[in-house]
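Asker: My structure is stored as my_file.txt, with compact mmCIF, C-alpha atoms.
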# COMPACT_ATOMS: atom_id res chain seq x y z
CA MET A 1 0.00 0.00 0.00
CA CYS A 2 2.89 2.36 0.72
CA VAL A 3 4.36 1.63 -2.73
CA ALA A 4 1.00 2.24 -4.42
CA LEU A 5 0.54 5.50 -2.47
CA ALA A 6 3.99 6.77 -3.48
CA ARG A 7 3.39 5.92 -7.15
CA ALA A 8 -0.11 7.42 -7.18
CA VAL A 9 1.03 10.69 -5.60
CA ALA A 10 4.02 10.96 -7.95
CA ALA A 11 1.89 10.30 -11.04
CA ALA A 12 -0.79 12.76 -9.94
CA ASN A 13 1.76 15.53 -9.38
CA ILE A 14 4.24 14.86 -12.17
CA ARG A 15 3.40 18.10 -13.98
CA LEU A 16 3.68 20.06 -10.75
CA LEU A 17 7.08 18.54 -10.01
CA THR A 18 8.42 19.71 -13.40
CA SER A 19 7.31 23.31 -12.76
CA ARG A 20 8.92 26.06 -10.73
CA LYS A 21 6.47 25.54 -7.88
CA GLY A 22 7.32 21.86 -7.87
CA ARG A 23 11.02 22.62 -7.58
CA ASP A 24 10.21 24.93 -4.68
CA LEU A 25 8.34 22.08 -3.00
CA ALA A 26 11.27 19.74 -3.54
CA VAL A 27 13.65 22.21 -1.92
CA LEU A 28 11.30 22.77 1.02
CA SER A 29 10.61 19.06 1.56
CA GLY A 30 13.72 18.62 3.69
CA LEU A 31 12.63 21.57 5.83
CA VAL A 32 9.20 20.01 6.39
CA ILE A 33 10.88 16.83 7.65
CA ALA A 34 13.22 18.80 9.92
CA VAL A 35 10.35 20.80 11.40
CA GLY A 36 8.26 17.65 11.75
CA MET A 37 11.04 16.06 13.76
CA GLN A 38 10.81 18.94 16.22
CA PHE A 39 7.15 18.10 16.79
CA VAL A 40 7.99 14.40 17.16
CA THR A 41 10.68 15.23 19.72
CA PHE A 42 8.27 17.44 21.62
CA GLY A 43 5.63 14.69 21.57
CA VAL A 44 8.07 12.05 22.84
CA GLN A 45 9.12 14.32 25.69
CA ARG A 46 5.51 14.93 26.63
CA LEU A 47 4.85 11.18 26.63
CA GLY A 48 7.75 10.66 28.97
CA GLN A 49 6.38 13.28 31.35
CA THR A 50 2.82 11.88 31.33
CA GLY A 51 3.67 8.26 32.10
CA GLY A 52 4.22 6.36 28.87
CA LEU A 53 2.27 5.22 25.83
CA GLY A 54 -0.95 4.53 27.71
CA VAL A 55 -2.19 8.07 27.00
CA LEU A 56 -2.28 7.16 23.28
CA ASP A 57 -4.91 4.45 23.73
CA PRO A 58 -7.86 6.68 22.67
CA ALA A 59 -6.00 7.75 19.53
CA ALA A 60 -4.98 4.16 18.80
CA ALA A 61 -8.62 3.07 18.96
CA VAL A 62 -9.34 5.45 16.07
CA VAL A 63 -6.18 4.89 14.05
CA ARG A 64 -6.64 1.10 14.00
CA TRP A 65 -9.54 1.65 11.57
CA ILE A 66 -7.55 3.85 9.17
CA PRO A 67 -5.75 2.06 6.30
CA PRO A 68 -3.07 0.73 6.22
CA ALA A 69 -3.07 0.58 10.05
CA SER A 70 -6.36 -1.30 9.81
CA ALA A 71 -4.45 -4.30 8.37
CA LEU A 72 -2.31 -4.37 11.51
CA GLY A 73 -5.42 -3.87 13.61
CA ALA A 74 -6.92 -6.94 11.92
CA VAL A 75 -4.08 -9.06 13.30
CA ASP A 76 -4.83 -7.82 16.82
CA SER A 77 -8.57 -8.38 16.37
CA ALA A 78 -8.05 -11.93 15.09
CA SER A 79 -5.79 -12.72 18.04
CA THR A 80 -8.68 -11.95 20.39
CA GLY A 81 -11.19 -13.99 18.36
CA ALA A 82 -12.97 -10.99 16.76
CA TYR A 83 -12.84 -12.44 13.25
CA GLY A 84 -15.68 -10.29 11.93
CA THR A 85 -13.88 -7.12 13.02
CA ALA A 86 -10.65 -8.42 11.52
CA ALA A 87 -12.40 -9.09 8.19
CA VAL A 88 -13.78 -5.53 8.10
CA GLN A 89 -10.38 -4.03 8.87
CA LEU A 90 -8.73 -6.10 6.16
CA ALA A 91 -11.46 -5.06 3.74
CA LEU A 92 -10.77 -1.40 4.50
CA SER A 93 -7.09 -1.80 3.65
CA ALA A 94 -7.90 -3.80 0.51
CA GLY A 95 -10.38 -1.15 -0.61
CA ALA A 96 -7.88 1.64 -0.02
CA LEU A 97 -5.24 -0.28 -1.99
CA ALA A 98 -7.66 -0.82 -4.88
CA GLY A 99 -8.49 2.89 -4.87
CA LEU A 100 -4.84 3.88 -4.98
CA LEU A 101 -4.13 1.51 -7.85
CA TYR A 102 -7.11 2.90 -9.75
CA GLY A 103 -5.97 6.47 -9.16
CA TRP A 104 -2.46 5.59 -10.29
CA GLN A 105 -3.82 4.03 -13.48
CA ARG A 106 -6.02 7.07 -14.22
CA SER A 107 -3.12 9.48 -13.69
CA LEU A 108 -0.86 7.50 -16.03
CA THR A 109 -3.55 7.36 -18.70
CA ARG A 110 -4.17 11.09 -18.46
CA LEU A 111 -0.45 11.87 -18.66
CA MET A 112 -0.01 9.74 -21.79
CA THR A 113 -3.12 10.85 -23.66
CA ALA A 114 -3.99 14.42 -22.57
CA PRO A 115 -1.96 17.44 -23.74
CA ASP A 116 -0.37 19.75 -21.23
CA GLY A 117 -2.19 23.03 -21.68
CA SER A 118 -0.51 24.92 -18.85
CA THR A 119 2.02 26.61 -21.11
CA LEU A 120 -0.66 27.47 -23.66
CA ALA A 121 -2.80 29.05 -20.95
CA ALA A 122 0.15 31.05 -19.68
CA ALA A 123 1.03 32.21 -23.20
CA SER A 124 -2.55 33.32 -23.87
CA GLU A 125 -2.59 35.66 -20.86
CA PRO A 126 -1.90 39.28 -21.73
CA THR A 127 1.39 40.66 -20.51
CA ARG A 128 0.97 43.25 -17.79
CA ARG A 129 3.47 46.05 -17.94
CA ASP A 130 2.59 47.53 -14.60
CA ARG A 131 3.33 44.97 -11.90
CA SER A 132 3.55 47.47 -9.02
CA THR A 133 0.61 46.07 -7.11
CA GLY A 134 -0.17 45.37 -3.50
CA LEU A 135 2.74 45.89 -1.12
CA HIS A 136 5.01 47.18 -3.90
CA ARG A 137 2.91 50.32 -4.21
CA LEU A 138 3.71 51.15 -0.59
CA LEU A 139 7.48 51.03 -1.14
CA PRO A 140 9.40 54.29 -1.56
CA GLY A 141 10.31 55.51 -5.01
CA GLY A 142 13.67 55.64 -6.70
CA ARG A 143 16.49 53.19 -6.18
CA THR A 144 15.43 52.27 -2.65
CA GLY A 145 12.01 51.01 -3.67
CA THR A 146 13.35 49.18 -6.72
CA VAL A 147 16.00 47.32 -4.72
CA MET A 148 13.53 46.51 -1.96
CA GLN A 149 11.08 45.10 -4.48
CA ARG A 150 13.81 42.97 -6.06
CA SER A 151 14.91 41.63 -2.67
CA LEU A 152 11.35 40.73 -1.69
CA ARG A 153 10.84 38.95 -5.00
CA TYR A 154 13.98 36.92 -4.32
CA VAL A 155 12.41 35.83 -1.04
CA TRP A 156 9.19 34.79 -2.79
CA ARG A 157 10.54 33.29 -6.03
CA ASP A 158 14.08 32.02 -5.59
CA PRO A 159 13.99 28.46 -4.15
CA LYS A 160 17.26 28.77 -2.19
CA THR A 161 16.33 32.15 -0.73
CA LYS A 162 12.83 30.95 0.10
CA MET A 163 14.19 27.87 1.85
CA ALA A 164 16.56 29.98 3.95
CA TRP A 165 13.78 32.35 4.96
CA VAL A 166 11.25 29.65 5.78
CA SER A 167 13.88 27.81 7.84
CA ALA A 168 14.72 30.96 9.77
CA LEU A 169 11.08 31.87 10.40
CA VAL A 170 9.99 28.41 11.48
CA VAL A 171 13.01 27.44 13.58
CA GLY A 172 13.19 30.92 15.09
CA LEU A 173 9.64 30.46 16.38
CA ILE A 174 9.79 26.78 17.34
CA VAL A 175 12.88 26.90 19.56
CA PRO A 176 11.73 29.58 22.04
CA LEU A 177 8.08 28.51 22.10
CA PHE A 178 8.71 24.78 22.47
CA ASN A 179 11.17 25.38 25.27
CA ALA A 180 8.63 27.65 26.92
CA LEU A 181 5.88 25.04 26.57
CA GLN A 182 8.13 22.41 28.16
CA GLY A 183 8.76 24.68 31.12
CA THR A 184 12.51 24.78 30.52
CA GLY A 185 12.67 27.95 28.45
CA SER A 186 13.43 31.59 29.07
CA ILE A 187 12.10 34.72 27.47
CA TYR A 188 15.64 35.43 26.32
CA PHE A 189 15.37 32.43 23.98
CA ALA A 190 13.44 34.83 21.74
CA CYS A 191 16.84 36.22 20.76
CA PHE A 192 17.27 32.97 18.81
CA ALA A 193 14.77 34.36 16.29
CA SER A 194 16.84 37.55 15.95
CA GLY A 195 19.93 35.50 15.21
CA MET A 196 18.19 33.25 12.65
CA LEU A 197 16.64 36.21 10.85
CA GLY A 198 19.74 38.38 11.02
CA ILE A 199 21.74 35.71 9.16
CA GLN A 200 19.64 36.51 6.08
CA MET A 201 21.62 39.74 5.73
CA TYR A 202 24.82 37.77 5.16
CA ASN A 203 26.05 37.16 1.62
CA GLN A 204 23.56 39.57 0.11
CA PHE A 205 25.29 39.53 -3.27
CA GLY A 206 25.56 35.75 -3.44
CA GLN A 207 21.86 35.43 -4.22
CA ASP A 208 22.39 37.61 -7.31
CA THR A 209 24.89 35.05 -8.72
CA SER A 210 26.46 36.12 -12.02
CA ALA A 211 23.67 38.67 -12.55
CA PHE A 212 25.45 40.84 -9.97
CA TRP A 213 27.17 42.53 -12.90
CA MET A 214 23.93 44.48 -13.53
CA VAL A 215 23.95 45.68 -9.92
CA ALA A 216 27.66 46.52 -10.16
CA GLN A 217 26.98 48.78 -13.16
CA THR A 218 24.73 50.96 -11.00
CA ILE A 219 27.37 51.46 -8.28
CA ALA A 220 29.85 54.21 -9.11
CA SER A 221 30.61 55.51 -5.61
CA PRO A 222 30.35 54.59 -1.93
CA ARG A 223 27.13 56.62 -1.87
CA ASP A 224 25.58 54.29 -4.47
CA ALA A 225 26.80 51.26 -2.54
CA PHE A 226 25.28 52.66 0.66
CA SER A 227 21.94 53.16 -1.07
CA GLU A 228 22.03 49.58 -2.40
CA LEU A 229 22.85 48.04 0.98
CA ARG A 230 20.39 50.27 2.82
CA ALA A 231 17.54 49.23 0.54
CA ARG A 232 18.39 45.55 1.00
CA ALA A 233 18.48 46.02 4.77
CA LEU A 234 15.11 47.80 4.73
CA ALA A 235 13.57 44.94 2.74
CA LEU A 236 14.79 42.49 5.36
CA LEU A 237 13.56 44.66 8.21
CA LEU A 238 10.05 44.63 6.76
CA ILE A 239 9.95 40.95 7.73
CA THR A 240 12.44 40.57 10.55
CA LEU A 241 11.39 43.49 12.74
CA PRO A 242 7.71 42.59 13.26
CA TYR A 243 8.55 38.90 13.44
CA THR A 244 11.09 39.48 16.21
CA VAL A 245 8.49 41.42 18.18
CA LEU A 246 5.92 38.68 17.57
CA VAL A 247 8.19 35.87 18.78
CA THR A 248 9.25 37.79 21.88
CA VAL A 249 5.68 38.67 22.84
CA ALA A 250 4.50 35.09 22.19
CA THR A 251 7.29 33.67 24.34
CA ALA A 252 6.45 36.09 27.14
CA ALA A 253 2.77 35.09 26.88
CA VAL A 254 3.54 31.36 27.12
CA LEU A 255 5.87 31.85 30.08
CA GLY A 256 3.68 34.51 31.70
CA ASP A 257 6.82 36.60 32.22
CA TRP A 258 5.56 40.03 31.15
CA ARG A 259 7.91 41.82 33.52
CA ALA A 260 10.94 40.76 31.49
CA LEU A 261 9.36 41.60 28.10
CA PRO A 262 10.89 45.11 27.73
CA GLU A 263 14.44 43.99 28.43
CA ALA A 264 14.17 40.82 26.33
CA LEU A 265 12.68 42.73 23.39
CA GLY A 266 15.34 45.41 23.70
CA ILE A 267 18.13 42.81 23.59
CA ALA A 268 16.44 41.01 20.68
CA LEU A 269 16.20 44.23 18.66
CA GLY A 270 19.78 45.14 19.53
CA LEU A 271 20.98 41.70 18.42
CA LEU A 272 18.99 41.99 15.20
CA GLY A 273 20.65 45.32 14.47
CA ALA A 274 24.08 43.87 15.21
CA MET A 275 23.44 40.93 12.87
CA MET A 276 22.30 43.28 10.11
CA ALA A 277 25.39 45.44 10.58
CA THR A 278 27.89 42.58 10.54
CA GLY A 279 25.96 40.98 7.67
CA ALA A 280 26.47 44.07 5.52
CA VAL A 281 30.20 44.04 6.21
CA ALA A 282 30.45 40.29 5.63
CA SER A 283 28.60 40.65 2.32
CA ALA A 284 31.28 43.06 1.13
CA ARG A 285 34.31 41.26 2.58
CA PHE A 286 33.40 37.56 2.27
CA PRO A 287 30.98 37.03 -0.65
CA TYR A 288 30.50 33.51 -1.98
CA SER A 289 28.43 31.84 -4.67
CA ILE A 290 25.23 29.86 -4.10
CA PRO A 291 24.90 26.98 -6.61
CA GLN A 292 21.54 27.06 -8.37
CA ASP A 293 21.73 23.58 -9.90
CA SER A 294 21.80 21.73 -6.59
CA ALA A 295 19.08 21.61 -3.96
CA TYR A 296 21.49 20.49 -1.23
CA LYS A 297 24.58 22.68 -1.74
CA ASN A 298 24.48 26.27 -0.56
CA VAL A 299 28.16 27.03 -1.15
CA ALA A 300 30.19 26.62 -4.33
CA PRO A 301 33.17 24.22 -4.16
CA GLY A 302 36.23 25.86 -2.65
CA GLN A 303 34.27 28.62 -0.89
CA GLY A 304 33.27 26.78 2.26
CA GLY A 305 35.87 28.66 4.30
CA LEU A 306 34.41 32.00 3.19
CA ALA A 307 30.95 30.93 4.29
CA TRP A 308 32.20 29.80 7.70
CA ILE A 309 34.17 33.01 8.25
CA SER A 310 31.24 35.13 7.12
CA ILE A 311 28.56 33.52 9.27
CA PHE A 312 30.38 32.44 12.42
CA GLY A 313 32.70 35.44 12.45
CA GLY A 314 29.71 37.70 12.10
CA MET A 315 27.83 35.94 14.89
CA ILE A 316 30.75 36.34 17.27
CA ALA A 317 31.14 39.99 16.31
CA SER A 318 27.40 40.56 16.81
CA ALA A 319 27.58 39.08 20.30
CA LEU A 320 30.46 41.39 21.14
CA LEU A 321 28.58 44.39 19.78
CA CYS A 322 25.62 43.52 21.99
CA SER A 323 27.74 43.02 25.10
CA PRO A 324 27.20 46.61 26.42
CA LEU A 325 23.44 46.14 26.19
CA ILE A 326 23.63 42.75 27.88
CA ALA A 327 25.88 44.13 30.61
CA LEU A 328 23.44 46.97 31.29
CA THR A 329 20.56 44.48 31.52
CA ILE A 330 22.46 42.35 34.03
CA TRP A 331 23.41 45.41 36.09
CA LEU A 332 19.83 46.73 36.24
CA ASN A 333 18.50 43.33 37.32
CA ALA A 334 21.23 42.94 39.92
CA ALA A 335 20.42 46.40 41.30
CA ASN A 336 16.66 45.57 41.37
CA ALA A 337 16.00 48.74 39.38
CA GLU A 338 12.46 47.77 38.37
CA SER A 339 11.52 51.29 37.27
CA ALA A 340 14.51 51.50 34.92
CA ILE A 341 13.91 48.16 33.18
CA TRP A 342 11.57 49.77 30.67
CA VAL A 343 14.37 51.97 29.35
CA LEU A 344 16.00 48.87 27.84
CA LEU A 345 13.32 48.63 25.15
CA PRO A 346 13.88 52.02 23.48
CA LEU A 347 17.58 51.81 24.25
CA GLY A 348 17.88 48.41 22.53
CA ALA A 349 15.89 49.59 19.51
CA GLY A 350 17.95 52.74 19.18
CA TYR A 351 21.22 50.89 19.70
CA GLY A 352 20.23 48.34 17.05
CA ALA A 353 19.36 51.11 14.57
CA LEU A 354 22.69 52.81 15.28
CA LEU A 355 24.54 49.55 14.64
CA VAL A 356 22.75 49.04 11.33
CA TRP A 357 23.63 52.56 10.21
CA GLY A 358 27.26 52.11 11.25
CA GLY A 359 27.52 48.73 9.55
CA LEU A 360 26.14 50.10 6.29
CA ARG A 361 28.50 53.07 6.45
CA LEU A 362 31.44 50.74 7.01
CA ALA A 363 30.43 48.29 4.27
CA ALA A 364 29.58 50.84 1.57
CA PRO A 365 33.13 51.96 0.64
CA GLN A 366 34.35 48.35 0.78
CA THR A 367 31.57 47.27 -1.57
CA ALA A 368 32.31 50.07 -4.05
CA ALA A 369 36.03 49.24 -4.03
CA ARG A 370 35.62 45.46 -4.39
CA LEU A 371 33.00 45.15 -7.15
CA PRO A 372 35.21 43.00 -9.45
CA GLU A 373 36.17 40.68 -6.59
CA ILE A 374 32.54 40.34 -5.48
CA LEU A 375 31.39 39.58 -9.03
CA ALA A 376 34.08 36.91 -9.44
CA ALA A 377 33.20 35.33 -6.08
CA VAL A 378 29.43 35.14 -6.62
CA SER A 379 29.76 33.87 -10.22
CA LYS A 380 31.52 30.59 -9.41
CA GLY A 381 28.32 28.65 -8.78
Go through the file and emit its structure as structure tokens.
Answerer:
Amino acid sequence: MCVALARAVAAANIRLLTSRKGRDLAVLSGLVIAVGMQFVTFGVQRLGQTGGLGVLDPAAAVVRWIPPASALGAVDSASTGAYGTAAVQLALSAGALAGLLYGWQRSLTRLMTAPDGSTLAAASEPTRRDRSTGLHRLLPGGRTGTVMQRSLRYVWRDPKTKMAWVSALVVGLIVPLFNALQGTGSIYFACFASGMLGIQMYNQFGQDTSAFWMVAQTIASPRDAFSELRARALALLLITLPYTVLVTVATAAVLGDWRALPEALGIALGLLGAMMATGAVASARFPYSIPQDSAYKNVAPGQGGLAWISIFGGMIASALLCSPLIALTIWLNAANAESAIWVLLPLGAGYGALLVWGGLRLAAPQTAARLPEILAAVSKG
């Protein structure tokens, strides 16, 4: 039955799997498994805390009637002498198997006899010249809005970029919330989301691949490079800033620790700003290529060292940049300065914004001076 299910699903979706959306699904399939394992781990831990598998008996009573588990349930029913029940459970599995084989046969027949009209339908649609709809109309004009729109389209359309973003968003939410639900977490775990999202600022030019030459032609001075990097950072902040606030507030709600929300959110915003700042510098100093012909390789051969230096070096530098904010938080808590805790929220937001501005200012002249080196590095994949 498992073989028939796999073949039926593959035959029914063969045209999807050869399209761009299908390739996106293939890239994201590994992420779905990784996230699913987090839920399995959480479930196993909960079972251990509640006294074993006995709590699953009500669910097992339902699942034993669902094919193909009903075939296994038939063995259990026959062992207790319930042969009528066993016959019904076997019949359910046999019926499901027959249905899958029929669906597989229909899909194969349709694939071999029916034309694929998807390309014809797409070709018949009129070409729209004005695509500035929805959110794009709210973006600023000029170079800033154009670069922001391009960056957001990378997030939505490019499989590698989409996978990185979905991974960061999902894992950045799961880690603090699951730890909070298990009673072992802390509101400061919300900073994990800031770190995961801030990494998206690293290797900004790598996602352009060899097409970076078109971007390089528009950069003639450090001022142009600053405008390019600033627009890319703003596009990222449209997603990362509200998401960081959301994860921090959700973690505080699960833990019931509203008193620590201002300081935790301030540190999270400061860390996000530090990651954005070091990411801009790393993009200029340590660019590397992202292979587009492989779903499993995110670094071109021979550039693994650049990726490690860029990401882990930037993370260490970000932690050091946030150390004054962390030290102030520790000092205020040690001094029991409850009335001054709230100042950490605006202070962290302002400090993070200052770090982003400083990082962009530092990276802009390096980007303008290293355009040929960046183009050569991102074109290897």
Asker: Give me the residues within 10 Å of Pro140 of chain A as an mmCIF file with C-alpha atoms, in the coordinates of the input, counting all atoms listed in the file and dropping any in the same chain fewer than 5 places off.
Answerer:
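Once written, around18.cif looks like this:
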data_model
loop_
_atom_site.group_PDB
_atom_site.id
_atom_site.type_symbol
_atom_site.label_atom_id
_atom_site.label_comp_id
_atom_site.auth_asym_id
_atom_site.auth_seq_id
_atom_site.Cartn_x
_atom_site.Cartn_y
_atom_site.Cartn_z
ATOM 1 C CA GLY A 145 12.010 51.010 -3.670
ATOM 2 C CA THR A 146 13.350 49.180 -6.720
ATOM 3 C CA MET A 148 13.530 46.510 -1.960
ATOM 4 C CA GLN A 149 11.080 45.100 -4.480
ATOM 5 C CA ALA A 231 17.540 49.230 0.540
#
Asker: Using only C-alpha atoms, which residue out of A:Ala300, A:Ile33, A:Leu53, A:Ala368 lies closest to Ala220 of chain A?
Answerer: A:Ala368
Asker: Compute the distance from (20.4, 34.6, 7.0) to each atom, counting only C-alpha atoms, keep the residues with any atom at most 12 Å away, and return them as a PyMOL selection string; use the coordinates of the file.
Answerer: chain A and resi 155+160-169+172+193-204+206-207+233+236+240+272+275-276+278-280+282-283+298+307+310-312+314-315
Asker: Dump C-alpha atoms for the selected residues as a compact mmCIF listing (two decimals), keeping the file's coordinate frame?
Answerer:
# COMPACT_ATOMS: atom_id res chain seq x y z
CA VAL A 155 12.41 35.83 -1.04
CA LYS A 160 17.26 28.77 -2.19
CA THR A 161 16.33 32.15 -0.73
CA LYS A 162 12.83 30.95 0.10
CA MET A 163 14.19 27.87 1.85
CA ALA A 164 16.56 29.98 3.95
CA TRP A 165 13.78 32.35 4.96
CA VAL A 166 11.25 29.65 5.78
CA SER A 167 13.88 27.81 7.84
CA ALA A 168 14.72 30.96 9.77
CA LEU A 169 11.08 31.87 10.40
CA GLY A 172 13.19 30.92 15.09
CA ALA A 193 14.77 34.36 16.29
CA SER A 194 16.84 37.55 15.95
CA GLY A 195 19.93 35.50 15.21
CA MET A 196 18.19 33.25 12.65
CA LEU A 197 16.64 36.21 10.85
CA GLY A 198 19.74 38.38 11.02
CA ILE A 199 21.74 35.71 9.16
CA GLN A 200 19.64 36.51 6.08
CA MET A 201 21.62 39.74 5.73
CA TYR A 202 24.82 37.77 5.16
CA ASN A 203 26.05 37.16 1.62
CA GLN A 204 23.56 39.57 0.11
CA GLY A 206 25.56 35.75 -3.44
CA GLN A 207 21.86 35.43 -4.22
CA ALA A 233 18.48 46.02 4.77
CA LEU A 236 14.79 42.49 5.36
CA THR A 240 12.44 40.57 10.55
CA LEU A 272 18.99 41.99 15.20
CA MET A 275 23.44 40.93 12.87
CA MET A 276 22.30 43.28 10.11
CA THR A 278 27.89 42.58 10.54
CA GLY A 279 25.96 40.98 7.67
CA ALA A 280 26.47 44.07 5.52
CA ALA A 282 30.45 40.29 5.63
CA SER A 283 28.60 40.65 2.32
CA ASN A 298 24.48 26.27 -0.56
CA ALA A 307 30.95 30.93 4.29
CA SER A 310 31.24 35.13 7.12
CA ILE A 311 28.56 33.52 9.27
CA PHE A 312 30.38 32.44 12.42
CA GLY A 314 29.71 37.70 12.10
CA MET A 315 27.83 35.94 14.89
Asker: Just checking: using all atoms listed in the file, which residue out of A:Leu92, A:Ala260, A:Leu355, A:Arg106 ends up closest to Ile330 of chain A?
Answerer: A:Ala260
Asker: Please indicate the distance in Å from atom CA of Ala6 of chain A to atom CA of Ile66 of chain A, rounded to one decimal place.
Answerer: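 Interatomic distance, atom CA of Ala6 of chain A to atom CA of Ile66 of chain A: 17.4 Å.
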Asker: What does the distance between atom CA of Thr144 of chain A and atom CA of Glu228 of chain A come to in Å, to one decimal place?
Answerer: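 These two atoms are separated by 7.1 Å.
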Asker: Which residues are near Gly73 of chain A? Cut-off 8 Å, all atoms listed in the file, ignore same chain within fewer than 3 positions. Put them as a list in words.
Answerer: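 These residues fall inside the cut-off: Arg64, Trp65, Ala69, Ser70, Asp76, Ser77, Ala86 and Gln89 of chain A.
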